[in-house]
Structures are given as structure tokens and as C-alpha cells.
Amino acid sequence: MVGKGGGDGVRRPPRAKSPSELGMVETVLLPVVVAAGVVFAGAIGCDYLEVEMMRMLLGHDGHDYDLQRKEEFLFFEIGLAIICYCIFTLGSRCFTVGVYYMCEVLWGCNTALLLAGFGMCTGRPLLVGTATCIVALDQISWYFDCLGYLFTGKFHVGVSKYLIAPTTSRIHFITAFHHLWFLPVCLYTLKEIGMPPMSYIFSVVLTSALALAARFLTPYAVNEEKQVKVFNINLSYGFWDDINVPFVHSYDHHHPTIYLPYLIVVCNLYLNTLPVIGLYFATNYLKSVYV
């Protein structure tokens with residue numbers, strides 16, 4: 001769906017759909033399949049890079065390296081808790097508001113929970129590193145927003161301003177704070193090995209896939225009984241309205257062939273680069289301290 005231009009030349013967002021217009025296949029089944037596919041595709045790619053490339057380039061036995069990796073990096077209880085938390089978050093929103101909220105599994109932060117949890121449970125640090133890179137920009141911005149609101153009463157970035165919006169339900173508020181604890185947990189599990197080198201590349205590929213899926217499977221907004229709930233998952237229709245940086249809104253609500261490449265380049269290769277570099281330095285510093 002493409003936003004239409006008004007008489008003033010400004011692109012308008014797509015209309016809000018009613019819950020009755022949302023099919024179970026595109027808003028529940030397919031998002032779950034895509035999120036699961038991202039996790040398992042990431043695991044397959046992780047195994048190829050960390051095992052097969054090790055065998056081919058360095059002459060190590062891939063099977064032996066795989067066993068060694070799983071012994072050295074395994075945080076099963078933490079990973080399982082993260083996966084259960086993600087399931088609870090999505091399930092509680094579906095139960096209290098509507099089953100179409102399952103489409104929020106495609107949010108990068110939610111898929112990152114599944115990626116990291118699966119990586120911790122199965123001894124795949126690259127999945128954890130990828131998850132940290134996926135959420136780097138957003139969740140580091142959360143710290144600035146929350147600290148700014150605590151001390152000045154203002155959200156200086158705007159990514160977490162929705163916490164005080166009237167459209168934010170109580171369960172949404174309660175289940176939003178993984179944006180603050182998720183990165184520290186991931187950094188803790190990576191403290192002895194550092195950030196896996198291919199984490200950023202993996203994150204670019206997976207976030208691009210999630211943005212494409214969100215644009216074509218999820219609604220921009222839903223007209224609920226008492227309010228219009230904006231989803232705009234993964235910013236797949238336009239950058240978040242609360243972010244007051246004019247240039248990022250240059251192509252909001254344009255045709256997906258124009259907007260999505262812009263989103264992928266601006267988010268992954270411009271805005272997210274510095275936060276990812278910061279995470280690489282942080283994990284390598286922790287490695288130097290703990291090893």
C-alpha cells in the first residue's frame with residue numbers, strides 16, 4: 001500500500017484498516033513463519049561461516065570446532081528465559097487487544113529476542129551478535145530518551161515517546177522495557193569472546209528482510225474501537241513521526257521501490273554504523289577484562 005499525495009504535495013500515510021479487514025494468514029501465520037525463517041536462516045548461515053569456513057580456510061575440523069563452540073558459549077537458561085519473555089509479550093498483546101498483534105513478531109527488536117535466545121540456547125554467538133547489531137540504534141536511543149525524560153521531562157530522540165501516548169495500552173507499556181535490558185544481557189553473554197566479526201553483515205541482511213516482510217504483510221495502522229493504532233512495523237512505511245529529524249522523513253509513504261531502499265541504506269549503512277562500532281568496542285573491552 002502506498003501513501004497518496006495531497007493537494008499540497010505532501011505524501012499521506014495509508015488509511016487505517018479495521019480489524020475485520022485483517023486476515024489471519026497475512027497478519028498472524030505469515031509473520032510467524034517469516035520470523036521463524038529469519039532465526040533458522042541465521043542459524044544455518046552461522047553454522048556455515050563459523051564451521052565450514054573455519055575448516056576450509058584454516059584446516060580445522062568443522063565438527064570439532066562446532067562442539068568446542070557449543071561448550072564455550074552456552075547460556076541455555078538465559079536464552080530460554082528470553083524466548084519465553086518474547087512469547088509472553090506477543091501472547092499478552094494478542095489476548096488483551098487482538099490476535100492481529102501477532103504481526104509485531106516482525107519488529108526487529110522482537111525477532112532479535114528470538115535470535116539471541118536461540119543463539120544462547122544452541123551455542124551460536126554469531127546469532128547473539130547479530131541480534132545486538134539489529135537493535136543497536138534503537139535501543140541505545142532508548143537510553144538517551146529515558147534519561148532525558150527522567151531529568152528534563154522530554155524525549156530528546158523520540159523512539160520511546162510512544163510510552164506516554166494515549167494509544168499505548170498497559171500491557172504494551174509493561175512489555176516495552178526489554179529495550180533497556182536486552183543489550184546488557186547480550187553483552188554479558190559475549191563478554192569472553194567479543195563481538196563475532198560477521199554480526200553486522202548478518203544484521204544488515206536480516207533487517208532488510210524484516211523490513212520487506214513488514215511492508216507487504218502488516219498494516220500501517222488499525223482503526224480500533226476507541227483509537228487508531230499506528231503499527232508501521234520496522235518503519236516500513238515511514239520513519240517514526242516522533243523522530244524530529246527532517247531528512248529521514250524525505251521519502252515517507254512513497255512507493256516501496258523508492259522508500260525501502262532508502263530505509264535500508266539510511267538505517268543500516270548510515271544511522272546504525274556508529275552504534276554498532278560502539279558495541280564492537282564495548283564487547284572487545286569486556287573481552288580484554290574477562291579473558
# chains A, B, ... in the order shown; residues from 1 in each chain; ligands from 1
>>> select_by_dssp(residues="stretch 202-248 of chain A", states="strand (DSSP E or B)", output="ChimeraX atom specification")
/A:221-223,228-230
>>> write_last_selection(atoms="C-alpha atoms", output="PDB file, in the first residue's frame")
ATOM      1  CA  ALA A 221      -2.391   1.364  11.158  1.00  0.00           C
ATOM      2  CA  VAL A 222      -5.523  -0.263  12.564  1.00  0.00           C
ATOM      3  CA  ASN A 223      -8.715   1.593  13.403  1.00  0.00           C
ATOM      4  CA  VAL A 228      -6.213   4.461  15.667  1.00  0.00           C
ATOM      5  CA  LYS A 229      -3.199   2.311  16.477  1.00  0.00           C
ATOM      6  CA  VAL A 230      -0.192   3.003  14.250  1.00  0.00           C
TER       7      VAL A 230
END
>>> residues_around(residues="A:Leu115", least_positions_apart="6", cutoff="8 Å", atoms="only C-alpha atoms", output="list in words")
Val39, Gly42, Leu127, Val128, Thr130 and Ala131 of chain A
>>> closest_residue(among="A:Phe144, A:Tyr270, A:Tyr237, A:Phe281", to="A:His179", atoms="only C-alpha atoms")
A:Phe144
>>> select_by_dssp(residues="stretch 212-265 of chain A", states="helix (DSSP H, G or I)", output="list in words")
Leu212, Ala213, Ala214, Arg215, Phe216, Leu217, Ile233, Asn234, Leu235, Pro246, Phe247, Val248, His249, Pro256, Thr257, Ile258, Tyr259, Leu260, Pro261, Tyr262, Leu263, Ile264 and Val265 of chain A
>>> closest_residue(among="A:Thr111, A:Thr96, A:Gln227, A:Ser141", to="A:Ala36", atoms="only C-alpha atoms")
A:Thr111
>>> residues_around(residues="stretch 251-266 of chain A", least_positions_apart="5", cutoff="10 Å", atoms="only C-alpha atoms", output="MDAnalysis selection string")
chainID A and resid 1:5 10:14 204:205 207:209 211:212 215:216 220 234:241 271:273
>>> residues_around(residues="A:Val105", least_positions_apart="6", cutoff="8 Å", atoms="only C-alpha atoms", output="compact mmCIF listing (two decimals) with N, CA and C atoms, in the first residue's frame")
# COMPACT_ATOMS: atom_id res chain seq x y z
N PRO A 31 3.64 -13.72 9.33
CA PRO A 31 4.67 -13.09 10.16
C PRO A 31 5.42 -14.07 11.06
N VAL A 32 4.69 -15.04 11.64
CA VAL A 32 5.35 -16.04 12.47
C VAL A 32 6.30 -16.89 11.63
N ALA A 35 9.40 -14.76 10.78
CA ALA A 35 10.28 -14.60 11.94
C ALA A 35 11.04 -15.89 12.23
N LEU A 90 4.20 -11.17 23.08
CA LEU A 90 3.30 -11.23 21.93
C LEU A 90 1.95 -11.83 22.30
N THR A 111 12.14 -9.96 16.89
CA THR A 111 12.88 -11.03 16.22
C THR A 111 14.27 -11.16 16.81
>>> atom_distance(atom1="atom CA of A:His156", atom2="atom CA of A:Asn232")
20.7 Å
>>> closest_residue(among="A:Lys226, A:Arg93, A:Arg124, A:Lys191", to="A:Phe40", atoms="only C-alpha atoms")
A:Arg124
>>> residues_around(residues="A:Leu180", least_positions_apart="4", cutoff="9 Å", atoms="only C-alpha atoms", output="JSON list (two decimals) with N, CA and C atoms, in the first residue's frame")
[["chain", "number", "residue", "atom", "x", "y", "z"],
["A", 139, "GLN", "N", 17.87, 0.76, 20.53],
["A", 139, "GLN", "CA", 17.91, 0.58, 21.98],
["A", 139, "GLN", "C", 18.92, 1.48, 22.67],
["A", 140, "ILE", "N", 19.97, 1.88, 21.98],
["A", 140, "ILE", "CA", 20.86, 2.90, 22.55],
["A", 140, "ILE", "C", 20.11, 4.23, 22.62],
["A", 142, "TRP", "N", 17.02, 4.52, 23.15],
["A", 142, "TRP", "CA", 16.12, 4.40, 24.30],
["A", 142, "TRP", "C", 16.78, 4.93, 25.58],
["A", 143, "TYR", "N", 18.06, 4.68, 25.75],
["A", 143, "TYR", "CA", 18.75, 5.18, 26.95],
["A", 143, "TYR", "C", 18.74, 6.70, 26.98],
["A", 176, "ALA", "N", 7.44, -3.26, 27.21],
["A", 176, "ALA", "CA", 8.31, -2.47, 26.33],
["A", 176, "ALA", "C", 9.73, -2.36, 26.85],
["A", 184, "PRO", "N", 22.31, -5.11, 27.56],
["A", 184, "PRO", "CA", 23.24, -5.53, 28.63],
["A", 184, "PRO", "C", 23.31, -7.05, 28.79]]
